[in-house]
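Pasted below: target17.pdb, PDB, C-alpha atoms and all ligand atoms.
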ATOM      1  CA  MET A 205      26.940  -7.231  -2.782
ATOM      2  CA  ARG A 206      26.941  -7.571  -6.611
ATOM      3  CA  LEU A 207      23.773  -6.255  -8.212
ATOM      4  CA  ILE A 208      21.836  -7.096 -11.363
ATOM      5  CA  GLU A 209      21.987  -4.206 -13.832
ATOM      6  CA  PHE A 210      18.727  -2.243 -13.786
ATOM      7  CA  SER A 211      18.540   1.415 -14.751
ATOM      8  CA  GLY A 212      14.838   1.773 -15.523
ATOM      9  CA  PRO A 213      12.432   3.937 -13.534
ATOM     10  CA  ILE A 214      10.991   2.632 -10.248
ATOM     11  CA  ILE A 215       7.617   3.305  -8.643
ATOM     12  CA  ASP A 216       7.149   2.216  -5.032
ATOM     13  CA  GLY A 217       3.533   1.017  -5.193
ATOM     14  CA  HIS A 218       2.962   0.674  -1.445
ATOM     15  CA  ALA A 219       4.116   3.139   1.223
ATOM     16  CA  HIS A 220       2.742   5.463   3.914
ATOM     17  CA  VAL A 221       3.654   8.824   5.389
ATOM     18  CA  ALA A 222       5.936   7.969   8.341
ATOM     19  CA  SER A 223       3.940   9.912  10.901
ATOM     20  CA  THR A 224       2.219   9.232  14.205
ATOM     21  CA  ASP A 225      -0.458  11.684  13.040
ATOM     22  CA  PHE A 226      -1.994   9.029  10.788
ATOM     23  CA  ILE A 227      -1.712   5.878  12.936
ATOM     24  CA  PRO A 228      -3.654   5.503  16.210
ATOM     25  CA  ARG A 229      -1.528   4.735  19.277
ATOM     26  CA  SER A 230      -3.521   1.552  19.987
ATOM     27  CA  PHE A 231      -2.626   0.211  16.509
ATOM     28  CA  ILE A 232       1.094   0.778  17.183
ATOM     29  CA  GLU A 233       0.923  -0.753  20.677
ATOM     30  CA  GLY A 234      -0.735  -3.875  19.266
ATOM     31  CA  THR A 235       1.947  -4.202  16.597
ATOM     32  CA  ILE A 236       4.658  -3.874  19.242
ATOM     33  CA  GLU A 237       3.203  -6.666  21.318
ATOM     34  CA  ASN A 238       4.005  -9.075  18.460
ATOM     35  CA  VAL A 239       7.445  -7.511  17.885
ATOM     36  CA  CYS A 240       8.337  -8.082  21.566
ATOM     37  CA  LEU A 241       7.190 -11.722  21.425
ATOM     38  CA  THR A 242       9.354 -12.296  18.324
ATOM     39  CA  LEU A 243      12.359 -10.620  19.970
ATOM     40  CA  ALA A 244      11.883 -12.636  23.177
ATOM     41  CA  ALA A 245      11.809 -15.871  21.147
ATOM     42  CA  GLN A 246      15.215 -14.844  19.774
ATOM     43  CA  GLY A 247      16.535 -14.301  23.303
ATOM     44  CA  VAL A 248      16.281 -10.474  23.134
ATOM     45  CA  GLN A 249      14.467  -9.101  26.183
ATOM     46  CA  SER A 250      13.176  -5.611  25.530
ATOM     47  CA  SER A 251      10.409  -3.727  27.296
ATOM     48  CA  LYS A 252       7.336  -2.690  25.326
ATOM     49  CA  GLU A 253       8.028   0.926  26.301
ATOM     50  CA  ARG A 254      11.525   0.836  24.823
ATOM     51  CA  VAL A 255      10.389  -0.768  21.547
ATOM     52  CA  PHE A 256       7.501   1.718  21.384
ATOM     53  CA  ASP A 257       9.929   4.652  21.714
ATOM     54  CA  LEU A 258      12.229   3.228  18.998
ATOM     55  CA  TYR A 259       9.280   2.667  16.687
ATOM     56  CA  VAL A 260       7.697   6.069  17.240
ATOM     57  CA  ALA A 261      11.053   7.810  16.718
ATOM     58  CA  LYS A 262      10.898   6.502  13.124
ATOM     59  CA  LEU A 263       7.418   7.996  12.628
ATOM     60  CA  GLN A 264       8.335  11.685  12.715
ATOM     61  CA  ASP A 265       8.650  12.424   8.977
ATOM     62  CA  HIS A 266       5.303  14.240   8.942
ATOM     63  CA  ASP A 267       5.823  16.074   5.641
ATOM     64  CA  CYS A 268       7.757  13.331   3.767
ATOM     65  CA  SER A 269      11.004  15.327   3.413
ATOM     66  CA  LEU A 270      13.023  12.354   4.661
ATOM     67  CA  LEU A 271      11.135   9.979   2.370
ATOM     68  CA  THR A 272      11.947  12.113  -0.696
ATOM     69  CA  ARG A 273      15.658  11.896   0.192
ATOM     70  CA  GLU A 274      15.371   8.121   0.653
ATOM     71  CA  MET A 275      13.651   7.873  -2.738
ATOM     72  CA  ASP A 276      16.426   9.870  -4.437
ATOM     73  CA  ALA A 277      19.117   7.680  -2.859
ATOM     74  CA  ALA A 278      17.296   4.506  -3.943
ATOM     75  CA  GLY A 279      16.430   5.641  -7.492
ATOM     76  CA  ILE A 280      12.664   5.652  -6.792
ATOM     77  CA  GLN A 281      10.983   8.255  -9.013
ATOM     78  CA  GLN A 282       7.503   8.004  -7.544
ATOM     79  CA  THR A 283       5.862   6.599  -4.409
ATOM     80  CA  VAL A 284       2.222   5.692  -3.820
ATOM     81  CA  LEU A 285       1.244   6.935  -0.345
ATOM     82  CA  LEU A 286      -1.595   4.915   1.165
ATOM     83  CA  LEU A 287      -3.877   6.471   3.758
ATOM     84  CA  PRO A 288      -6.104   3.874   5.459
ATOM     85  CA  ASP A 289      -8.979   5.100   7.605
ATOM     86  CA  PHE A 290      -8.578   3.631  11.105
ATOM     87  CA  THR A 291     -10.650   6.375  12.695
ATOM     88  CA  TYR A 292     -13.996   4.545  12.735
ATOM     89  CA  ALA A 293     -12.653   1.299  14.210
ATOM     90  CA  LEU A 294     -10.122   2.820  16.660
ATOM     91  CA  SER A 295     -11.117   5.836  18.703
ATOM     92  CA  ASP A 296      -7.655   7.150  19.633
ATOM     93  CA  ALA A 297      -6.525   8.746  16.334
ATOM     94  CA  ASN A 298      -5.001  12.247  16.597
ATOM     95  CA  LEU A 299      -6.881  13.592  13.570
ATOM     96  CA  THR A 300     -10.161  12.967  11.746
ATOM     97  CA  ILE A 301      -9.987  11.271   8.350
ATOM     98  CA  ALA A 302     -10.962  14.609   6.735
ATOM     99  CA  GLU A 303      -7.961  16.282   8.424
ATOM    100  CA  MET A 304      -5.658  13.454   7.345
ATOM    101  CA  ILE A 305      -6.837  13.907   3.753
ATOM    102  CA  GLU A 306      -6.024  17.628   3.963
ATOM    103  CA  ARG A 307      -2.508  16.855   5.199
ATOM    104  CA  HIS A 308      -1.928  14.374   2.359
ATOM    105  CA  HIS A 309      -3.201  16.969  -0.090
ATOM    106  CA  GLU A 310      -0.556  19.412   1.191
ATOM    107  CA  ILE A 311       2.162  16.797   0.655
ATOM    108  CA  LEU A 312       0.882  16.150  -2.869
ATOM    109  CA  GLU A 313       0.824  19.872  -3.671
ATOM    110  CA  ARG A 314       4.417  20.206  -2.519
ATOM    111  CA  TRP A 315       5.651  17.217  -4.564
ATOM    112  CA  PRO A 316       3.104  16.626  -7.349
ATOM    113  CA  GLU A 317       5.421  14.409  -9.397
ATOM    114  CA  LYS A 318       6.980  12.404  -6.584
ATOM    115  CA  PHE A 319       3.775  11.169  -4.956
ATOM    116  CA  ARG A 320       0.434   9.574  -5.742
ATOM    117  CA  VAL A 321      -2.119   9.184  -2.928
ATOM    118  CA  PHE A 322      -4.666   6.405  -2.343
ATOM    119  CA  VAL A 323      -7.197   7.227   0.357
ATOM    120  CA  GLY A 324      -9.547   5.119   2.425
ATOM    121  CA  VAL A 325     -12.787   6.223   4.034
ATOM    122  CA  ASP A 326     -14.519   3.698   6.298
ATOM    123  CA  PRO A 327     -17.866   2.855   4.601
ATOM    124  CA  ARG A 328     -19.656   3.157   7.956
ATOM    125  CA  TRP A 329     -19.263   6.944   7.807
ATOM    126  CA  GLY A 330     -22.152   6.805   5.302
ATOM    127  CA  ASN A 331     -22.888   9.400   2.641
ATOM    128  CA  ASP A 332     -20.546  11.985   4.183
ATOM    129  CA  GLY A 333     -17.714   9.522   3.717
ATOM    130  CA  VAL A 334     -18.606   8.935   0.067
ATOM    131  CA  ALA A 335     -18.622  12.706  -0.555
ATOM    132  CA  LEU A 336     -15.262  13.061   1.220
ATOM    133  CA  PHE A 337     -13.766  10.298  -0.900
ATOM    134  CA  GLU A 338     -15.116  11.777  -4.139
ATOM    135  CA  ARG A 339     -13.679  15.196  -3.285
ATOM    136  CA  ALA A 340     -10.265  13.645  -2.620
ATOM    137  CA  ILE A 341     -10.245  11.895  -6.005
ATOM    138  CA  VAL A 342     -11.843  14.594  -8.155
ATOM    139  CA  GLN A 343     -10.660  17.845  -6.551
ATOM    140  CA  TYR A 344      -7.455  16.879  -4.752
ATOM    141  CA  GLY A 345      -6.115  14.680  -7.518
ATOM    142  CA  PHE A 346      -5.723  11.506  -5.433
ATOM    143  CA  HIS A 347      -5.223   8.380  -7.513
ATOM    144  CA  GLY A 348      -6.958   5.461  -5.774
ATOM    145  CA  MET A 349      -8.766   3.899  -2.852
ATOM    146  CA  LYS A 350      -7.054   2.201   0.097
ATOM    147  CA  LEU A 351      -9.209  -0.312   1.983
ATOM    148  CA  TYR A 352      -8.432  -1.699   5.416
ATOM    149  CA  PRO A 353     -10.916  -4.583   5.908
ATOM    150  CA  PRO A 354      -9.454  -5.585   9.332
ATOM    151  CA  CYS A 355     -11.264  -2.466  10.580
ATOM    152  CA  GLY A 356     -14.460  -4.545  10.324
ATOM    153  CA  TYR A 357     -15.901  -4.748   6.799
ATOM    154  CA  GLY A 358     -15.343  -7.101   3.875
ATOM    155  CA  PRO A 359     -14.007  -5.720   0.561
ATOM    156  CA  SER A 360     -17.166  -6.937  -1.238
ATOM    157  CA  ASP A 361     -19.478  -5.346   1.344
ATOM    158  CA  ARG A 362     -22.323  -3.543  -0.465
ATOM    159  CA  SER A 363     -21.647  -0.401   1.569
ATOM    160  CA  LEU A 364     -18.466  -0.008  -0.500
ATOM    161  CA  TYR A 365     -20.224  -0.080  -3.865
ATOM    162  CA  PRO A 366     -20.882   3.698  -3.988
ATOM    163  CA  PHE A 367     -17.099   4.158  -3.607
ATOM    164  CA  TYR A 368     -16.442   1.615  -6.371
ATOM    165  CA  GLU A 369     -18.862   3.489  -8.653
ATOM    166  CA  ILE A 370     -16.645   6.553  -8.197
ATOM    167  CA  CYS A 371     -13.521   4.470  -8.831
ATOM    168  CA  ALA A 372     -15.062   3.131 -12.060
ATOM    169  CA  ALA A 373     -16.106   6.620 -13.224
ATOM    170  CA  GLN A 374     -12.713   8.162 -12.406
ATOM    171  CA  GLY A 375     -10.528   5.272 -13.586
ATOM    172  CA  VAL A 376      -8.769   4.719 -10.243
ATOM    173  CA  PRO A 377      -7.742   1.408  -8.617
ATOM    174  CA  VAL A 378      -8.654  -0.052  -5.215
ATOM    175  CA  LEU A 379      -5.816  -1.387  -3.063
ATOM    176  CA  THR A 380      -6.977  -3.618  -0.219
ATOM    177  CA  HIS A 381      -5.051  -4.961   2.758
ATOM    178  CA  ILE A 382      -4.693  -8.767   2.775
ATOM    179  CA  GLY A 383      -3.892 -10.898   5.846
ATOM    180  CA  GLY A 384      -2.980 -10.130   9.440
ATOM    181  CA  THR A 385      -2.101  -6.819  11.050
ATOM    182  CA  SER A 386      -2.103  -5.211  14.493
ATOM    183  CA  PRO A 387      -3.943  -7.530  16.942
ATOM    184  CA  VAL A 388      -6.299  -4.718  17.936
ATOM    185  CA  LEU A 389      -8.127  -5.367  14.618
ATOM    186  CA  GLY A 390      -9.911  -8.437  13.179
ATOM    187  CA  PHE A 391      -8.409 -10.871  10.677
ATOM    188  CA  ASP A 392     -11.641 -12.454   9.441
ATOM    189  CA  THR A 393     -12.351  -9.882   6.717
ATOM    190  CA  SER A 394      -8.993  -9.748   4.930
ATOM    191  CA  HIS A 395      -8.874 -13.016   2.986
ATOM    192  CA  PRO A 396      -8.159 -12.521  -0.749
ATOM    193  CA  LEU A 397     -11.230 -14.466  -1.897
ATOM    194  CA  MET A 398     -13.388 -11.844  -0.168
ATOM    195  CA  VAL A 399     -12.358  -9.431  -2.952
ATOM    196  CA  ASP A 400     -13.773 -11.700  -5.649
ATOM    197  CA  GLN A 401     -17.404 -10.545  -5.703
ATOM    198  CA  ALA A 402     -16.437  -6.868  -5.914
ATOM    199  CA  ALA A 403     -13.904  -7.625  -8.670
ATOM    200  CA  ARG A 404     -16.640  -9.445 -10.629
ATOM    201  CA  ASP A 405     -19.205  -6.694 -10.091
ATOM    202  CA  PHE A 406     -16.753  -3.936 -11.104
ATOM    203  CA  PRO A 407     -14.754  -5.432 -13.996
ATOM    204  CA  THR A 408     -13.379  -2.043 -15.075
ATOM    205  CA  VAL A 409     -11.936  -1.290 -11.609
ATOM    206  CA  ASP A 410      -8.466  -2.674 -10.884
ATOM    207  CA  PHE A 411      -8.078  -4.322  -7.464
ATOM    208  CA  ILE A 412      -4.619  -4.661  -5.883
ATOM    209  CA  LEU A 413      -4.135  -7.285  -3.137
ATOM    210  CA  ALA A 414      -1.702  -5.572  -0.753
ATOM    211  CA  HIS A 415       0.932  -7.986   0.646
ATOM    212  CA  GLY A 416      -0.470 -10.624  -1.747
ATOM    213  CA  GLY A 417       3.076 -11.706  -2.624
ATOM    214  CA  THR A 418       3.781 -12.593   0.988
ATOM    215  CA  THR A 419       0.413 -13.474   2.577
ATOM    216  CA  HIS A 420      -2.133 -16.055   1.303
ATOM    217  CA  LEU A 421       0.176 -16.426  -1.688
ATOM    218  CA  GLU A 422      -1.658 -19.418  -3.222
ATOM    219  CA  GLN A 423      -5.034 -17.667  -3.306
ATOM    220  CA  CYS A 424      -3.610 -14.297  -4.359
ATOM    221  CA  ALA A 425      -1.674 -15.815  -7.265
ATOM    222  CA  MET A 426      -4.805 -17.729  -8.310
ATOM    223  CA  MET A 427      -6.873 -14.520  -8.272
ATOM    224  CA  CYS A 428      -4.228 -12.753 -10.392
ATOM    225  CA  ALA A 429      -4.112 -15.633 -12.871
ATOM    226  CA  TYR A 430      -7.871 -15.871 -13.432
ATOM    227  CA  ARG A 431      -9.472 -12.535 -12.520
ATOM    228  CA  PRO A 432      -8.330 -10.033 -15.181
ATOM    229  CA  ASN A 433      -8.682  -6.941 -12.971
ATOM    230  CA  VAL A 434      -6.858  -8.326  -9.912
ATOM    231  CA  PHE A 435      -3.186  -7.531  -9.129
ATOM    232  CA  LEU A 436      -0.975  -7.994  -6.082
ATOM    233  CA  ASP A 437       1.935  -6.187  -4.436
ATOM    234  CA  ILE A 438       4.923  -7.720  -2.665
ATOM    235  CA  SER A 439       5.067  -5.267   0.248
ATOM    236  CA  ALA A 440       6.368  -6.787   3.500
ATOM    237  CA  TYR A 441       8.820  -8.970   1.553
ATOM    238  CA  GLN A 442      11.487  -7.725   3.964
ATOM    239  CA  SER A 443      10.001  -9.986   6.650
ATOM    240  CA  MET A 444      10.041 -13.127   4.471
ATOM    241  CA  SER A 445      12.578 -15.514   3.030
ATOM    242  CA  ILE A 446      13.545 -14.314  -0.423
ATOM    243  CA  GLU A 447      12.737 -17.862  -1.647
ATOM    244  CA  ARG A 448       9.086 -16.927  -1.368
ATOM    245  CA  LEU A 449       9.434 -14.305  -4.090
ATOM    246  CA  LYS A 450      11.264 -16.793  -6.278
ATOM    247  CA  ASP A 451       8.222 -19.042  -5.877
ATOM    248  CA  LEU A 452       5.855 -16.155  -6.701
ATOM    249  CA  PHE A 453       7.820 -15.236  -9.847
ATOM    250  CA  SER A 454       7.463 -18.804 -11.159
ATOM    251  CA  ARG A 455       3.644 -18.790 -11.313
ATOM    252  CA  GLY A 456       3.020 -17.123 -14.664
ATOM    253  CA  VAL A 457       1.525 -13.940 -13.187
ATOM    254  CA  ASN A 458       4.528 -11.625 -13.445
ATOM    255  CA  HIS A 459       2.439  -9.104 -15.415
ATOM    256  CA  LYS A 460       0.259  -8.702 -12.279
ATOM    257  CA  ILE A 461       2.981  -8.190  -9.638
ATOM    258  CA  ILE A 462       3.751  -4.722  -8.244
ATOM    259  CA  PHE A 463       6.816  -3.633  -6.289
ATOM    260  CA  GLY A 464       6.219  -1.962  -2.897
ATOM    261  CA  THR A 465       8.315  -1.386   0.230
ATOM    262  CA  ASP A 466       5.642  -0.616   2.856
ATOM    263  CA  TRP A 467       7.762   2.325   4.089
ATOM    264  CA  PRO A 468       8.021   3.087   7.048
ATOM    265  CA  VAL A 469       7.040  -0.328   8.497
ATOM    266  CA  PHE A 470      10.535  -1.850   8.082
ATOM    267  CA  ARG A 471      12.617   1.213   8.920
ATOM    268  CA  LEU A 472      14.277  -0.558  11.844
ATOM    269  CA  GLN A 473      15.567  -3.198   9.391
ATOM    270  CA  GLY A 474      17.008  -0.982   6.630
ATOM    271  CA  ASN A 475      16.466   1.893   4.213
ATOM    272  CA  GLN A 476      14.811   2.187   0.792
ATOM    273  CA  LYS A 477      18.088   1.641  -1.074
ATOM    274  CA  SER A 478      18.996  -1.473   0.900
ATOM    275  CA  PHE A 479      15.516  -2.937   0.275
ATOM    276  CA  ILE A 480      15.892  -2.499  -3.499
ATOM    277  CA  ASP A 481      19.470  -3.823  -3.426
ATOM    278  CA  THR A 482      18.199  -7.000  -1.723
ATOM    279  CA  LEU A 483      15.877  -7.625  -4.666
ATOM    280  CA  LEU A 484      18.532  -6.770  -7.265
ATOM    281  CA  SER A 485      21.396  -8.718  -5.679
ATOM    282  CA  GLU A 486      22.828 -11.376  -7.962
ATOM    283  CA  ALA A 487      21.548 -14.088  -5.636
ATOM    284  CA  GLY A 488      18.178 -12.333  -5.209
ATOM    285  CA  PRO A 489      14.744 -13.096  -6.681
ATOM    286  CA  VAL A 490      14.829 -10.630  -9.612
ATOM    287  CA  GLN A 491      17.285 -12.931 -11.420
ATOM    288  CA  TYR A 492      14.271 -15.194 -12.069
ATOM    289  CA  LEU A 493      12.439 -12.463 -14.024
ATOM    290  CA  LYS A 494      12.851 -11.841 -17.764
ATOM    291  CA  PRO A 495      14.132  -8.288 -18.573
ATOM    292  CA  ARG A 496      10.644  -7.258 -19.725
ATOM    293  CA  ASP A 497       9.125  -8.559 -16.481
ATOM    294  CA  VAL A 498      11.661  -6.593 -14.406
ATOM    295  CA  SER A 499      10.418  -3.257 -15.759
ATOM    296  CA  ALA A 500       6.787  -4.384 -15.469
ATOM    297  CA  PHE A 501       7.443  -5.244 -11.808
ATOM    298  CA  PHE A 502       9.257  -2.035 -10.863
ATOM    299  CA  TYR A 503       7.314   0.415 -13.004
ATOM    300  CA  GLU A 504       5.046  -0.400 -15.925
ATOM    301  CA  THR A 505       2.200  -2.342 -14.305
ATOM    302  CA  ILE A 506       1.521   0.169 -11.529
ATOM    303  CA  ASN A 507       2.130   3.088 -13.902
ATOM    304  CA  ARG A 508      -0.549   1.727 -16.244
ATOM    305  CA  LEU A 509      -3.025   1.501 -13.351
ATOM    306  CA  LEU A 510      -2.153   5.021 -12.162
ATOM    307  CA  SER A 511      -2.396   6.629 -15.579
ATOM    308  CA  LYS A 512      -5.873   5.261 -16.274
ATOM    309  CA  LYS A 513      -7.267   8.216 -14.318
ATOM    310  CA  ASP A 514      -5.548  10.746 -16.560
ATOM    311  CA  ARG A 515      -6.923   8.971 -19.624
ATOM    312  CA  HIS A 516     -10.414   9.031 -18.032
ATOM    313  CA  TYR A 517     -10.300  12.651 -16.973
ATOM    314  CA  ARG A 518     -13.077  14.889 -18.228
ATOM    315  CA  PRO A 519     -13.172  18.514 -17.069
ATOM    316  CA  PRO A 520     -16.217  19.318 -14.912
ATOM    317  CA  ALA A 521     -19.183  20.669 -16.895
ATOM    318  CA  SER A 522     -19.280  24.453 -16.632
TER     319      SER A 522
HETATM  320 ZN    ZN B   1       1.160  -0.787   4.243
END
Represent the supplied structure as structure tokens.
Amino acid sequence: MRLIEFSGPIIDGHAHVASTDFIPRSFIEGTIENVCLTLAAQGVQSSKERVFDLYVAKLQDHDCSLLTREMDAAGIQQTVLLLPDFTYALSDANLTIAEMIERHHEILERWPEKFRVFVGVDPRWGNDGVALFERAIVQYGFHGMKLYPPCGYGPSDRSLYPFYEICAAQGVPVLTHIGGTSPVLGFDTSHPLMVDQAARDFPTVDFILAHGGTTHLEQCAMMCAYRPNVFLDISAYQSMSIERLKDLFSRGVNHKIIFGTDWPVFRLQGNQKSFIDTLLSEAGPVQYLKPRDVSAFFYETINRLLSKKDRHYRPPAS
């Protein structure tokens, strides 16, 4: 495969620790139900148990050592690790959200340059959850909020506003899941227009529509074009026709589009290097970007959002 020349830095703006410790079993089983239906439609009969075992075998990189090797091989300098809080909506998680935050903090301490962490705390945990979130951002050096509205709350729900106040004060972005997911969760709270009220009420907070390049593309591109503090990422592009990205890149919002692989979701389909090569292949979608837009897409836009926190930082009053 011939590739377009690109030697600039790359930040993967959307990934997760590949570990069963952070994803409830029921979430995985729901996901697999859809995988089996898709395989069966292609004439591949496979039992749910077998697909489950294959899937779970790819979720054993608990400390990210494999991911750092994948990043090096793919030329990815930094990865944003997203930790959604499923623990309120699904009762079969191995750890509490506080324990998951501790584990992500350990990963960050081991590789402070390679990773940035966005953390979610379900707003229904109340004031304890707000305090937990604030500690993660202020003391642990996490860089953003990860929302998972399919767990049962809208992204403009007032219960989230105390979290957004912290995001505004600390200069960190909010990344929110858009569209469908495991069928054990609801899909009626993850439409991109549901972000609009929060984005209006918090104009200094940047909102990233996760999977916005592949799901509800019309509405996500519209939000990026007209709402100054709204961005989108292309994660899950591996499951789509590459024509869809060509379409996205033609809409005049290339300064709002962020690269992301959604590691480890597509590990059965390829590795980090192959996913970047697909984008950079001569017949791929990046050929439709101007050179300046290519570096904005792979690095500059997300880097600007991430570095806002460092520009905001004030040492605690002694
Ligand atoms: Zn994801």
Quick one: residues within 12 Å of ligand ZN 1 (chain B), with all atoms listed in the file, as a ChimeraX atom specification?
/A:216-222,227,284-288,322,350-352,379-386,413-416,437-441,464-470
Nearest to Ser363 of chain A, chosen from A:Asn298, A:Ser443, A:Asn433, A:Asn331, with all atoms listed in the file counted in the distances:
A:Asn331
Per residue of segment 437-517 of chain A within 9 Å of segment 262-274 of chain A, note the shortest atom pair and the distance in Å to one decimal, counting all atoms listed in the file, and order the rows by chain and increasing residue number, as a Markdown table.
| residue | atom | partner | partner_atom | distance |
| --- | --- | --- | --- | --- |
| A:Trp467 | CA | A:Leu271 | CA | 8.5 |
| A:Pro468 | CA | A:Leu263 | CA | 7.5 |
| A:Arg471 | CA | A:Lys262 | CA | 7.0 |
| A:Leu472 | CA | A:Lys262 | CA | 7.9 |
| A:Asn475 | CA | A:Glu274 | CA | 7.3 |
| A:Gln476 | CA | A:Glu274 | CA | 6.0 |
| A:Lys477 | CA | A:Glu274 | CA | 7.2 |
For the atom pair atom CA of Ile462 of chain A and atom CA of Gln442 of chain A, what is the interatomic distance in Å to one decimal place?
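So the two atoms, atom CA of Ile462 of chain A and atom CA of Gln442 of chain A, lie 14.8 Å apart.
Atom CA of Pro354 of chain A is found 4.8 Å from atom CA of Gly390 of chain A.
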Grab the atom CA of Val323 of chain A to atom CA of Gln423 of chain A distance for me, in Å with one decimal place.
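Distance reported for this atom pair: 25.3 Å.
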Neighbouring residues of Phe231 of chain A were defined as those with any atom within 8 Å, considering all atoms listed in the file; residues of the same chain fewer than 2 positions away were excluded. Please report them as a PyMOL selection string.
chain A and resi 227-229+233-235+294+386-388
Run the PyMOL selection byres (((chain A and resi 253) around 12) and not hetatm) against the file shown and list the residues it catches, as a PyMOL selection string.
chain A and resi 232-233+236-237+239-240+249-252+254-260
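Non-sequential neighbours of His347 of chain A (distance at most 7 Å, separation of 2 or more positions within a chain, only C-alpha atoms) are A:Arg320, A:Val321, A:Phe322, A:Ile341, A:Gly345, A:Val376, A:Leu510.
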Target residues per the PyMOL selection byres (((chain A and resi 451) around 12) and not hetatm), formatted as a compact mmCIF listing (two decimals) with C-alpha atoms, in the coordinates of the input:
# COMPACT_ATOMS: atom_id res chain seq x y z
CA GLY A 417 3.08 -11.71 -2.62
CA THR A 418 3.78 -12.59 0.99
CA LEU A 421 0.18 -16.43 -1.69
CA GLU A 422 -1.66 -19.42 -3.22
CA ALA A 425 -1.67 -15.82 -7.26
CA SER A 445 12.58 -15.51 3.03
CA ILE A 446 13.54 -14.31 -0.42
CA GLU A 447 12.74 -17.86 -1.65
CA ARG A 448 9.09 -16.93 -1.37
CA LEU A 449 9.43 -14.30 -4.09
CA LYS A 450 11.26 -16.79 -6.28
CA LEU A 452 5.86 -16.16 -6.70
CA PHE A 453 7.82 -15.24 -9.85
CA SER A 454 7.46 -18.80 -11.16
CA ARG A 455 3.64 -18.79 -11.31
CA GLY A 456 3.02 -17.12 -14.66
CA VAL A 457 1.52 -13.94 -13.19
CA ASN A 458 4.53 -11.62 -13.44
CA PRO A 489 14.74 -13.10 -6.68
CA VAL A 490 14.83 -10.63 -9.61
CA TYR A 492 14.27 -15.19 -12.07
CA LEU A 493 12.44 -12.46 -14.02
So which residues get picked by the PyMOL selection byres (((chain A and resi 396) around 7) and not hetatm) here, written as a PyMOL selection string?
chain A and resi 382+394-395+397-399+423-424
Writer output for current selection, C-alpha atoms, as a PDB file, keeping the file's coordinate frame:
ATOM      1  CA  ILE A 382      -4.693  -8.767   2.775  1.00  0.00           C
ATOM      2  CA  SER A 394      -8.993  -9.748   4.930  1.00  0.00           C
ATOM      3  CA  HIS A 395      -8.874 -13.016   2.986  1.00  0.00           C
ATOM      4  CA  LEU A 397     -11.230 -14.466  -1.897  1.00  0.00           C
ATOM      5  CA  MET A 398     -13.388 -11.844  -0.168  1.00  0.00           C
ATOM      6  CA  VAL A 399     -12.358  -9.431  -2.952  1.00  0.00           C
ATOM      7  CA  GLN A 423      -5.034 -17.667  -3.306  1.00  0.00           C
ATOM      8  CA  CYS A 424      -3.610 -14.297  -4.359  1.00  0.00           C
TER       9      CYS A 424
END
Hey, could you pull the box centre and edge lengths for segment 483-495 of chain A, axis-aligned, 4 Å padding per side, all listed atoms, to one decimal in Å, as AutoDock Vina command-line options?
--center_x 17.6 --center_y -11.0 --center_z -11.6 --size_x 18.4 --size_y 16.4 --size_z 21.9
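Nearest residue to Gly279 of chain A among A:Ser211, A:Gln473, A:Thr419, A:Ser360 is A:Ser211, counting all atoms listed in the file.
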Taking only C-alpha atoms into account, which of A:Ile280, A:Leu509, A:Met444, A:Met275 comes nearest Pro377 of chain A?
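Looking only at the distances to Pro377 of chain A, the closest residue turns out to be A:Leu509.
Shortest separation to Leu484 of chain A among A:Phe435, A:Phe337, A:Phe210, A:Phe290 occurs at residue A:Phe210, atoms counted being all atoms listed in the file.
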From A:Leu241, A:Asp400, A:Arg515, A:Glu317, residue lying nearest Gly375 of chain A [all atoms listed in the file]
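Closest candidate: A:Arg515.
With all atoms listed in the file as the basis for measurement, A:Gln374 is the residue among A:Thr408, A:Gln401, A:Ser485, A:Gln374 that approaches Lys513 of chain A most closely.
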